[in-house]
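Dumped query.csv below, it's CSV, C-alpha atoms:
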chain,number,residue,atom,x,y,z
K,1,MET,CA,10.7,18.2,-18.4
K,2,ILE,CA,8.4,15.6,-17.0
K,3,ILE,CA,8.1,11.8,-17.1
K,4,ASP,CA,5.0,10.4,-15.4
K,5,THR,CA,6.0,7.0,-14.0
K,6,ASN,CA,2.6,6.0,-12.4
K,7,VAL,CA,-0.4,5.9,-14.7
K,8,GLN,CA,-3.1,3.2,-14.5
K,9,PRO,CA,-5.0,2.6,-17.7
K,10,HIS,CA,-8.3,0.7,-17.5
K,11,PHE,CA,-10.5,-1.4,-19.6
K,12,ARG,CA,-13.6,0.5,-20.9
K,13,TYR,CA,-15.8,-2.0,-18.9
K,14,ASN,CA,-15.1,-5.0,-16.7
K,15,ALA,CA,-16.1,-7.6,-19.2
K,16,GLU,CA,-13.7,-6.3,-21.9
K,17,ILE,CA,-10.9,-8.4,-20.5
K,18,ARG,CA,-12.7,-11.6,-21.6
K,19,ARG,CA,-11.9,-10.8,-25.2
K,20,TYR,CA,-8.2,-11.3,-24.4
K,21,LEU,CA,-8.6,-14.6,-22.3
K,22,PRO,CA,-8.3,-18.1,-23.8
K,23,ALA,CA,-11.6,-19.7,-24.6
K,24,ALA,CA,-11.3,-22.1,-21.6
K,25,HIS,CA,-11.2,-19.1,-19.2
K,26,GLN,CA,-13.7,-16.7,-20.8
K,27,LEU,CA,-16.7,-17.9,-18.7
K,28,ARG,CA,-14.8,-17.9,-15.4
K,29,SER,CA,-15.9,-15.7,-12.5
K,30,ILE,CA,-13.5,-12.7,-12.4
K,31,PRO,CA,-13.5,-9.8,-9.8
K,32,ASP,CA,-14.5,-6.4,-11.1
K,33,VAL,CA,-11.9,-3.6,-11.0
K,34,GLU,CA,-13.6,-1.8,-8.2
K,35,GLN,CA,-14.4,-4.9,-6.1
K,36,GLN,CA,-12.4,-3.7,-3.2
K,37,TRP,CA,-13.0,-3.8,0.5
K,38,TYR,CA,-11.8,-0.2,1.1
K,39,GLN,CA,-13.6,2.5,-0.9
K,40,ALA,CA,-12.3,6.0,-1.0
K,41,PRO,CA,-14.8,8.7,0.0
K,42,GLY,CA,-16.3,9.9,-3.2
K,43,GLY,CA,-14.9,7.0,-5.2
K,44,ASP,CA,-11.5,5.6,-6.2
K,45,TYR,CA,-11.1,7.8,-9.3
K,46,ARG,CA,-11.5,11.5,-10.1
K,47,SER,CA,-15.2,12.2,-10.5
K,48,ASP,CA,-14.6,14.4,-13.6
K,49,LEU,CA,-13.1,11.5,-15.5
K,50,TYR,CA,-16.2,9.3,-15.7
K,51,GLY,CA,-17.8,9.1,-19.1
K,52,ASP,CA,-18.8,6.3,-21.4
K,53,GLY,CA,-16.3,3.9,-19.7
K,54,TYR,CA,-14.0,3.7,-16.8
K,55,PRO,CA,-11.7,6.7,-16.2
K,56,SER,CA,-8.4,6.3,-18.0
K,57,SER,CA,-9.9,3.9,-20.5
K,58,ASP,CA,-9.6,6.1,-23.6
K,59,PRO,CA,-6.1,6.6,-24.9
K,60,ASP,CA,-6.9,9.9,-26.6
K,61,THR,CA,-8.3,11.4,-23.5
K,62,VAL,CA,-5.3,10.2,-21.4
K,63,ARG,CA,-2.9,11.7,-24.0
K,64,ARG,CA,-4.7,15.0,-23.7
K,65,HIS,CA,-4.7,15.1,-19.9
K,66,LEU,CA,-1.1,13.9,-19.4
K,67,PHE,CA,0.8,15.3,-22.4
K,68,ASP,CA,-1.2,18.4,-23.6
K,69,GLU,CA,-2.5,19.6,-20.2
K,70,GLY,CA,0.0,17.9,-17.8
K,71,GLY,CA,3.1,18.6,-19.8
K,72,ALA,CA,4.5,15.1,-19.6
K,73,HIS,CA,6.9,13.9,-22.2
K,74,TYR,CA,6.3,10.2,-21.5
K,75,ALA,CA,3.9,8.1,-19.3
K,76,ILE,CA,4.6,4.7,-17.8
K,77,LEU,CA,1.4,2.7,-17.9
K,78,ASN,CA,1.0,0.2,-15.0
K,79,PRO,CA,-2.4,-1.4,-15.3
K,80,SER,CA,-4.1,-3.2,-12.4
K,81,THR,CA,-5.1,-6.8,-12.8
K,82,ARG,CA,-7.9,-8.3,-10.8
K,83,GLY,CA,-6.3,-9.0,-7.4
K,84,ASN,CA,-4.7,-12.0,-5.9
K,85,ILE,CA,-7.0,-14.8,-7.1
K,86,ALA,CA,-6.9,-18.1,-5.3
K,87,ASP,CA,-6.7,-20.0,-8.6
K,88,TYR,CA,-3.2,-19.0,-9.5
K,89,LEU,CA,-3.4,-20.4,-13.1
K,90,LEU,CA,-6.5,-18.2,-13.7
K,91,ASN,CA,-4.6,-15.2,-12.2
K,92,SER,CA,-1.7,-15.8,-14.6
K,93,ARG,CA,-4.1,-15.9,-17.6
K,94,ILE,CA,-5.6,-12.6,-16.4
K,95,CYS,CA,-2.1,-11.1,-16.3
K,96,ALA,CA,-1.4,-12.3,-19.8
K,97,ALA,CA,-4.8,-10.9,-21.0
K,98,VAL,CA,-4.0,-7.5,-19.4
K,99,ASN,CA,-0.6,-7.5,-21.2
K,100,ASP,CA,-2.1,-8.4,-24.6
K,101,TRP,CA,-4.8,-5.7,-24.1
K,102,LEU,CA,-2.1,-3.1,-23.2
K,103,LEU,CA,-0.2,-3.8,-26.4
K,104,ASP,CA,-3.3,-4.0,-28.5
K,105,LYS,CA,-5.1,-0.9,-27.3
K,106,TRP,CA,-2.4,1.4,-25.9
K,107,LEU,CA,1.2,0.7,-27.0
K,108,GLU,CA,1.1,-0.6,-30.6
K,109,PRO,CA,-1.4,2.1,-31.9
K,110,ASP,CA,0.5,4.9,-30.1
K,111,GLY,CA,1.8,7.0,-32.9
K,112,SER,CA,3.1,9.6,-30.5
K,113,ASN,CA,5.5,7.0,-29.1
K,114,ARG,CA,5.1,8.5,-25.6
K,115,PHE,CA,3.4,5.6,-23.8
K,116,ARG,CA,5.5,2.8,-22.2
K,117,GLY,CA,4.1,-0.3,-20.5
K,118,THR,CA,4.4,-2.9,-17.8
K,119,ILE,CA,4.5,-6.7,-18.1
K,120,ARG,CA,2.0,-7.8,-15.4
K,121,VAL,CA,2.9,-11.2,-13.9
K,122,ASN,CA,1.6,-13.3,-11.1
K,123,PRO,CA,4.3,-13.9,-8.4
K,124,GLU,CA,2.3,-16.8,-7.0
K,125,ASP,CA,3.1,-18.6,-10.2
K,126,PRO,CA,6.9,-18.2,-10.6
K,127,LYS,CA,7.1,-20.6,-13.5
K,128,GLY,CA,4.3,-18.8,-15.3
K,129,ALA,CA,5.7,-15.4,-14.4
K,130,VAL,CA,9.1,-16.2,-15.9
K,131,ALA,CA,7.4,-17.5,-19.1
K,132,GLU,CA,5.4,-14.3,-19.4
K,133,ILE,CA,8.5,-12.2,-19.1
K,134,GLU,CA,10.3,-14.2,-21.7
K,135,ARG,CA,7.2,-13.9,-24.0
K,136,LEU,CA,7.1,-10.1,-23.9
K,137,ALA,CA,10.6,-8.9,-22.9
K,138,ASP,CA,11.6,-8.1,-26.5
K,139,TYR,CA,8.8,-5.6,-26.9
K,140,PRO,CA,10.7,-2.2,-26.7
K,141,LYS,CA,7.7,-0.3,-25.3
K,142,LEU,CA,7.4,-2.7,-22.3
K,143,VAL,CA,9.9,-1.3,-19.9
K,144,GLN,CA,9.2,-3.0,-16.5
K,145,VAL,CA,7.7,-6.0,-14.8
K,146,GLY,CA,4.7,-5.4,-12.6
K,147,VAL,CA,3.6,-7.3,-9.4
K,148,PRO,CA,1.0,-6.5,-6.7
K,149,MET,CA,2.0,-5.1,-3.3
K,150,GLN,CA,-0.2,-7.7,-1.7
K,151,SER,CA,1.6,-11.0,-1.2
K,152,ARG,CA,1.4,-14.1,0.9
K,153,GLU,CA,5.2,-13.9,1.5
K,154,PRO,CA,7.8,-11.1,1.4
K,155,PHE,CA,9.4,-10.8,-2.0
K,156,GLY,CA,12.9,-11.6,-0.7
K,157,LYS,CA,11.9,-15.2,-0.2
K,158,PRO,CA,13.6,-17.8,-2.5
K,159,VAL,CA,10.4,-18.9,-4.2
K,160,PHE,CA,10.2,-15.5,-6.0
K,161,GLU,CA,13.8,-15.2,-7.1
K,162,PRO,CA,13.4,-16.8,-10.5
K,163,ILE,CA,11.1,-13.9,-11.4
K,164,TRP,CA,13.5,-11.3,-10.3
K,165,GLU,CA,16.3,-13.1,-12.0
K,166,ALA,CA,14.4,-13.1,-15.3
K,167,ALA,CA,13.6,-9.4,-15.0
K,168,ALA,CA,17.2,-8.5,-14.2
K,169,ALA,CA,18.4,-10.6,-17.1
K,170,HIS,CA,16.3,-8.5,-19.5
K,171,GLY,CA,17.2,-5.2,-17.8
K,172,LEU,CA,13.6,-4.7,-16.6
K,173,PRO,CA,12.8,-3.0,-13.3
K,174,VAL,CA,10.1,-4.6,-11.1
K,175,ALA,CA,7.3,-2.2,-10.2
K,176,VAL,CA,5.3,-3.0,-7.0
K,177,HIS,CA,1.8,-1.5,-7.0
K,178,ILE,CA,-1.3,-1.9,-4.8
K,179,ASN,CA,-3.6,-4.0,-7.0
K,180,GLY,CA,-7.2,-3.3,-7.9
K,181,GLY,CA,-9.9,-5.9,-7.4
K,182,ASN,CA,-9.7,-8.7,-4.9
K,183,GLY,CA,-10.1,-12.4,-5.4
K,184,VAL,CA,-8.3,-13.1,-2.1
K,185,ASP,CA,-7.8,-10.3,0.2
K,186,TYR,CA,-4.5,-10.1,2.2
K,187,PRO,CA,-4.4,-7.9,5.3
K,188,PRO,CA,-3.3,-4.3,4.4
K,189,THR,CA,-1.3,-3.8,7.6
K,190,PHE,CA,1.4,-5.8,9.4
K,191,ALA,CA,-1.2,-6.7,12.2
K,192,GLY,CA,-4.3,-7.4,10.1
K,193,HIS,CA,-7.2,-5.5,8.7
K,194,ALA,CA,-8.0,-1.9,9.2
K,195,HIS,CA,-11.7,-0.9,9.6
K,196,THR,CA,-11.6,2.3,7.6
K,197,TYR,CA,-10.2,3.7,4.4
K,198,PRO,CA,-7.9,6.2,6.2
K,199,GLY,CA,-6.3,3.2,8.1
K,200,TYR,CA,-5.9,1.3,4.9
K,201,ALA,CA,-4.6,4.2,2.8
K,202,ALA,CA,-2.1,5.2,5.5
K,203,PHE,CA,-0.6,1.7,6.2
K,204,MET,CA,-1.0,-0.3,3.0
K,205,PRO,CA,1.9,1.4,1.1
K,206,LEU,CA,4.2,0.7,4.1
K,207,ASN,CA,4.2,-3.0,3.2
K,208,TYR,CA,6.9,-2.1,0.7
K,209,PHE,CA,9.4,-2.0,3.6
K,210,VAL,CA,8.8,-5.7,4.4
K,211,HIS,CA,9.5,-6.6,0.7
K,212,LEU,CA,12.5,-4.2,0.6
K,213,ALA,CA,14.1,-5.4,3.9
K,214,THR,CA,13.9,-9.1,2.8
K,215,LEU,CA,15.2,-8.4,-0.7
K,216,ILE,CA,18.3,-6.9,1.0
K,217,VAL,CA,18.7,-9.3,4.0
K,218,GLU,CA,18.0,-12.5,2.0
K,219,GLY,CA,20.7,-11.3,-0.5
K,220,VAL,CA,18.6,-10.9,-3.6
K,221,PHE,CA,20.1,-7.5,-4.5
K,222,GLY,CA,23.6,-8.9,-3.8
K,223,ARG,CA,23.1,-11.8,-6.2
K,224,HIS,CA,21.5,-9.6,-8.9
K,225,PRO,CA,23.4,-6.3,-9.2
K,226,GLY,CA,21.2,-5.2,-12.1
K,227,LEU,CA,17.9,-5.6,-10.3
K,228,THR,CA,15.8,-2.5,-9.5
K,229,PHE,CA,12.5,-2.4,-7.6
K,230,VAL,CA,10.1,0.5,-8.1
K,231,PHE,CA,7.6,1.0,-5.2
K,232,ALA,CA,4.8,2.9,-6.9
K,233,ASP,CA,2.5,3.8,-3.9
K,234,GLY,CA,4.7,6.1,-2.0
K,235,GLY,CA,5.7,5.6,1.6
K,236,TYR,CA,9.2,6.9,1.1
K,237,ASP,CA,8.6,9.6,3.7
K,238,ILE,CA,9.5,7.1,6.4
K,239,LEU,CA,12.2,5.4,4.5
K,240,THR,CA,15.0,7.0,6.4
K,241,PRO,CA,14.1,5.9,10.0
K,242,LEU,CA,13.2,2.4,8.7
K,243,MET,CA,16.6,2.1,7.0
K,244,TRP,CA,18.4,3.4,10.1
K,245,ARG,CA,16.7,0.7,12.1
K,246,LEU,CA,17.6,-2.0,9.5
K,247,ASP,CA,21.2,-0.8,9.4
K,248,THR,CA,21.4,-1.0,13.2
K,249,PHE,CA,20.1,-4.5,13.5
K,250,TRP,CA,22.3,-5.7,10.6
K,251,LEU,CA,25.4,-4.2,12.2
K,252,SER,CA,24.5,-6.0,15.5
K,253,MET,CA,23.9,-9.4,13.9
K,254,ARG,CA,26.1,-9.6,10.8
K,255,ASP,CA,27.0,-13.2,11.5
K,256,GLN,CA,23.5,-14.2,10.4
K,257,THR,CA,23.8,-12.5,7.0
K,258,PRO,CA,27.4,-12.8,5.8
K,259,TRP,CA,26.2,-12.3,2.2
K,260,VAL,CA,25.1,-8.7,3.0
K,261,ASP,CA,28.5,-7.1,2.6
K,262,ARG,CA,27.5,-3.4,3.3
K,263,TYR,CA,25.0,-1.4,5.2
K,264,PRO,CA,21.4,-2.2,4.0
K,265,SER,CA,20.9,1.5,3.2
K,266,GLU,CA,23.8,1.4,0.8
K,267,TYR,CA,21.8,-0.8,-1.5
K,268,LEU,CA,19.2,1.9,-2.1
K,269,PRO,CA,20.9,3.9,-4.9
K,270,ASP,CA,21.5,0.9,-7.2
K,271,HIS,CA,18.3,-1.1,-6.5
K,272,VAL,CA,15.4,1.0,-5.3
K,273,ARG,CA,13.1,3.7,-6.7
K,274,PHE,CA,9.8,5.2,-5.5
K,275,CYS,CA,7.0,6.9,-7.4
K,276,SER,CA,6.0,10.2,-5.8
K,277,SER,CA,2.9,10.5,-3.6
K,278,VAL,CA,1.2,13.7,-2.6
K,279,PHE,CA,0.8,12.3,0.9
K,280,ASP,CA,4.5,11.8,1.6
K,281,GLY,CA,6.7,14.3,3.3
K,282,PRO,CA,6.3,17.5,5.2
K,283,THR,CA,3.3,19.7,4.5
K,284,ASP,CA,5.5,22.8,5.1
K,285,THR,CA,7.6,23.2,1.9
K,286,VAL,CA,10.2,25.2,3.9
K,287,HIS,CA,11.6,21.9,5.0
K,288,GLN,CA,11.1,20.0,1.7
K,289,GLN,CA,14.7,20.3,0.4
K,290,GLN,CA,16.3,19.1,3.7
K,291,TRP,CA,13.8,16.3,4.0
K,292,MET,CA,14.6,15.0,0.5
K,293,ASP,CA,18.3,15.0,1.3
K,294,PHE,CA,17.8,12.4,4.0
K,295,SER,CA,18.8,9.0,2.3
K,296,ASP,CA,19.3,11.1,-0.9
K,297,LYS,CA,15.6,10.7,-1.7
K,298,SER,CA,15.9,13.1,-4.6
K,299,SER,CA,17.9,10.3,-6.4
K,300,LEU,CA,15.3,7.7,-5.5
K,301,VAL,CA,12.0,9.3,-6.2
K,302,MET,CA,10.3,9.7,-9.6
K,303,TYR,CA,7.3,11.8,-10.4
K,304,GLY,CA,4.1,9.7,-10.7
K,305,SER,CA,0.7,11.3,-11.1
K,306,SER,CA,-1.4,8.3,-10.0
K,307,TYR,CA,-3.8,9.2,-12.8
K,308,PRO,CA,-6.8,8.6,-12.7
K,309,HIS,CA,-6.9,8.0,-8.9
K,310,TRP,CA,-8.8,10.5,-6.8
K,311,SER,CA,-5.4,11.7,-5.4
K,312,THR,CA,-4.0,12.4,-8.9
K,313,THR,CA,-1.2,14.9,-8.4
K,314,SER,CA,0.4,17.4,-10.8
K,315,ALA,CA,4.2,17.7,-11.3
K,316,ALA,CA,4.0,21.3,-9.9
K,317,VAL,CA,2.7,20.1,-6.6
K,318,ILE,CA,5.4,17.4,-6.3
K,319,ALA,CA,8.1,19.9,-7.3
K,320,ASP,CA,7.0,22.7,-4.9
K,321,GLY,CA,9.7,23.5,-2.4
K,322,LEU,CA,12.4,21.4,-4.1
K,323,SER,CA,15.7,22.8,-5.3
K,324,ALA,CA,16.3,23.1,-9.1
K,325,GLN,CA,18.6,20.0,-8.9
K,326,GLN,CA,16.1,18.0,-6.9
K,327,GLN,CA,13.3,19.0,-9.3
K,328,ARG,CA,15.4,17.8,-12.3
K,329,LYS,CA,16.0,14.4,-10.7
K,330,VAL,CA,12.5,13.8,-9.5
K,331,LEU,CA,10.5,15.1,-12.5
K,332,TRP,CA,12.5,13.4,-15.3
K,333,GLN,CA,16.1,12.5,-14.8
K,334,ASN,CA,15.7,9.5,-12.5
K,335,ALA,CA,13.0,8.0,-14.8
K,336,SER,CA,15.0,8.7,-17.9
K,337,GLU,CA,18.0,6.8,-16.6
K,338,LEU,CA,15.9,3.9,-15.2
K,339,TYR,CA,13.8,3.3,-18.3
K,340,GLY,CA,16.2,4.4,-21.0
K,341,LEU,CA,14.1,7.3,-22.2
K,342,THR,CA,16.2,9.7,-24.2
K,343,VAL,CA,15.1,13.0,-22.8
K,344,SER,CA,17.4,15.9,-21.9
K,345,GLU,CA,16.9,19.4,-20.8
K,346,GLY,CA,16.0,21.7,-23.6
K,347,SER,CA,14.8,18.9,-25.9
K,348,ALA,CA,11.4,18.8,-27.5
K,349,LEU,CA,9.4,16.0,-28.9

Could you show the structure in this file as structure tokens?
Amino acid sequence: MIIDTNVQPHFRYNAEIRRYLPAAHQLRSIPDVEQQWYQAPGGDYRSDLYGDGYPSSDPDTVRRHLFDEGGAHYAILNPSTRGNIADYLLNSRICAAVNDWLLDKWLEPDGSNRFRGTIRVNPEDPKGAVAEIERLADYPKLVQVGVPMQSREPFGKPVFEPIWEAAAAHGLPVAVHINGGNGVDYPPTFAGHAHTYPGYAAFMPLNYFVHLATLIVEGVFGRHPGLTFVFADGGYDILTPLMWRLDTFWLSMRDQTPWVDRYPSEYLPDHVRFCSSVFDGPTDTVHQQQWMDFSDKSSLVMYGSSYPHWSTTSAAVIADGLSAQQQRKVLWQNASELYGLTVSEGSAL
């Protein structure tokens, strides 16, 4: 049983997005999908997936790779937009265009009923983001709200809370993903820019902890008990020591955060999920089960292939070394519960 929670569909070519933009924005300058400052050696996507268009741009090909060959029952589609563009109104229109394209090309024609989608919103336009959630929240195949990892401020700040409130009101998790294309480039590390791709790739996913810590400490999770954040780029291998540190400082300074009524780590089960990453955790599978037991990671992690990224990972690789119970949780059960996908052991589509 497999649910793939991290799949990035693409337009066939960069200019295709213009068909879904309002007339007033169709001639605007928009970054290309691959306009990024850090390029992976050999390219961002699997070399064998290039054809007439971008990798992961043909729904039939993606179905074959994920469902027929990969064994997945469902796939959660989380498309990139075009970065954090300085013109926030244009960025919001791009998000809406991506959403309309996802419905038009992927979700509505999907007779297999195995694709689920993401409502991409621009967090720098809270009013527009809430309006976009309200516009699309009733589509049953749209199962989460998507925002970029890159941000000018941590997501626990009050300016963003109307977005999280709207997501929680509709029962939609919020997926945080490193975004493709850059209109304005925010530093990928806490201390600024790395010079190399390894530095970027190692540190960029760890920005999730800044968002996570402020969501807890600023009281967002306390005020919205139904709110769940999904961090889609891994980094959960260092979750335990970071949460230990946050617990320690909270315990020492509780007078500054009286609204945080329990240890920060105790918010994880109800409010936090991660998509798996091949780079996270011990390389020696002998220690895999014990490592997943720290912070009860097996209840927090959901399998995500990162298709069509160059580091696309099979479910077998992620499951290697896990106990049967851990495999069940990571490969499908956690995702089934979060997204309301009715899959159970022994069932077939």

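For the residues K:Arg152, K:Arg223, K:Lys297, K:His10, ranking by smallest atom-to-atom distance to K:Asn78 using only C-alpha atoms places K:His10 first.
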
Need to verify the contact set: K:Ala315, 10 Å, all atoms listed in the file, exclusion of same-chain residues closer than 6 positions in sequence. Can you return it as a PDB file with C-alpha atoms, in the frame of the given file?
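Wrote it out as out-v9.pdb, contents follow:
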ATOM      1  CA  MET K   1      10.700  18.200 -18.400  1.00  0.00           C
ATOM      2  CA  ILE K   2       8.400  15.600 -17.000  1.00  0.00           C
ATOM      3  CA  ILE K   3       8.100  11.800 -17.100  1.00  0.00           C
ATOM      4  CA  ASP K   4       5.000  10.400 -15.400  1.00  0.00           C
ATOM      5  CA  GLY K  70       0.000  17.900 -17.800  1.00  0.00           C
ATOM      6  CA  GLY K  71       3.100  18.600 -19.800  1.00  0.00           C
ATOM      7  CA  ALA K  72       4.500  15.100 -19.600  1.00  0.00           C
ATOM      8  CA  SER K 276       6.000  10.200  -5.800  1.00  0.00           C
ATOM      9  CA  TYR K 303       7.300  11.800 -10.400  1.00  0.00           C
ATOM     10  CA  GLY K 304       4.100   9.700 -10.700  1.00  0.00           C
ATOM     11  CA  SER K 305       0.700  11.300 -11.100  1.00  0.00           C
ATOM     12  CA  GLN K 327      13.300  19.000  -9.300  1.00  0.00           C
ATOM     13  CA  VAL K 330      12.500  13.800  -9.500  1.00  0.00           C
ATOM     14  CA  LEU K 331      10.500  15.100 -12.500  1.00  0.00           C
TER      15      LEU K 331
END

Which polymer residues have any atom within 9 Å of an atom of K:Leu89, counting only C-alpha atoms, with same-chain residues fewer than 4 positions away left out, as a CSV table (one decimal) with C-alpha atoms, in the coordinates of the input?
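Output (around_25.csv):
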chain,number,residue,atom,x,y,z
K,85,ILE,CA,-7.0,-14.8,-7.1
K,93,ARG,CA,-4.1,-15.9,-17.6
K,94,ILE,CA,-5.6,-12.6,-16.4
K,122,ASN,CA,1.6,-13.3,-11.1
K,125,ASP,CA,3.1,-18.6,-10.2
K,128,GLY,CA,4.3,-18.8,-15.3

Using all atoms listed in the file, what table do you get, as JSON lines, when you list each residue of stretch 208-289 of chain K with an atom no more than 7 Å from stretch 157-170 of chain K, its nearest pair of atoms, and their distance in Å rounded to one decimal, rows by chain then rising number?
{"residue": "K:His224", "atom": "CA", "partner": "K:Ala168", "partner_atom": "CA", "distance": 6.9}
{"residue": "K:Gly226", "atom": "CA", "partner": "K:Ala168", "partner_atom": "CA", "distance": 5.6}
{"residue": "K:Leu227", "atom": "CA", "partner": "K:Ala168", "partner_atom": "CA", "distance": 4.9}

Surrounding residues of K:Trp291 excluding itself and chain neighbours under 5 positions, 10 Å, all atoms listed in the file, as a list in words: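 My reading of the contact set: Asp237, Thr240, Gly281, Pro282, Thr285, Val286, Asp296, Lys297, Ser298 and Leu322 of chain K.
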
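When only C-alpha atoms are used to compute distances to K:Pro205, the closest of the residues K:Pro188, K:Pro31, K:Gly43, K:Gly146 turns out to be K:Pro188.
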
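Closest to K:Arg273 among K:Gly235, K:Gly83, K:Pro308, K:Pro225 is K:Gly235, based on only C-alpha atoms.
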
Å distance separating atom CA of K:Trp310 from atom CA of K:Pro55, one decimal place: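 Interatomic distance here is 10.5 Å.
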
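The coordinates place atom CA of K:Asn91 at 11.0 Å from atom CA of K:Val184.
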
For K:Ala75, the nearest of the candidates K:Val301, K:Leu49, K:Val7, K:Ala202, counting all atoms listed in the file: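 Closest candidate: K:Val7.
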
Counting all atoms listed in the file, the residue of K:Glu124, K:Asp104, K:Asp110, K:Asp270 that sits nearest K:Ser92: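 Closest to K:Ser92, using all atoms listed in the file: K:Glu124.
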
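Atom CA of K:Leu206 lies 19.3 Å from atom CA of K:Thr312.
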
Cut-off 10 Å: closest stretch 60-158 of chain K/stretch 335-340 of chain K atom pairs per residue, using all atoms listed in the file, as a Markdown table:
| residue | atom | partner | partner_atom | distance |
| --- | --- | --- | --- | --- |
| K:Tyr74 | CA | K:Ser336 | CA | 9.5 |
| K:Ile76 | CA | K:Tyr339 | CA | 9.3 |
| K:Arg116 | CA | K:Tyr339 | CA | 9.2 |
| K:Lys141 | CA | K:Tyr339 | CA | 10.0 |
| K:Leu142 | CA | K:Tyr339 | CA | 9.6 |
| K:Val143 | CA | K:Tyr339 | CA | 6.2 |
| K:Gln144 | CA | K:Tyr339 | CA | 8.0 |
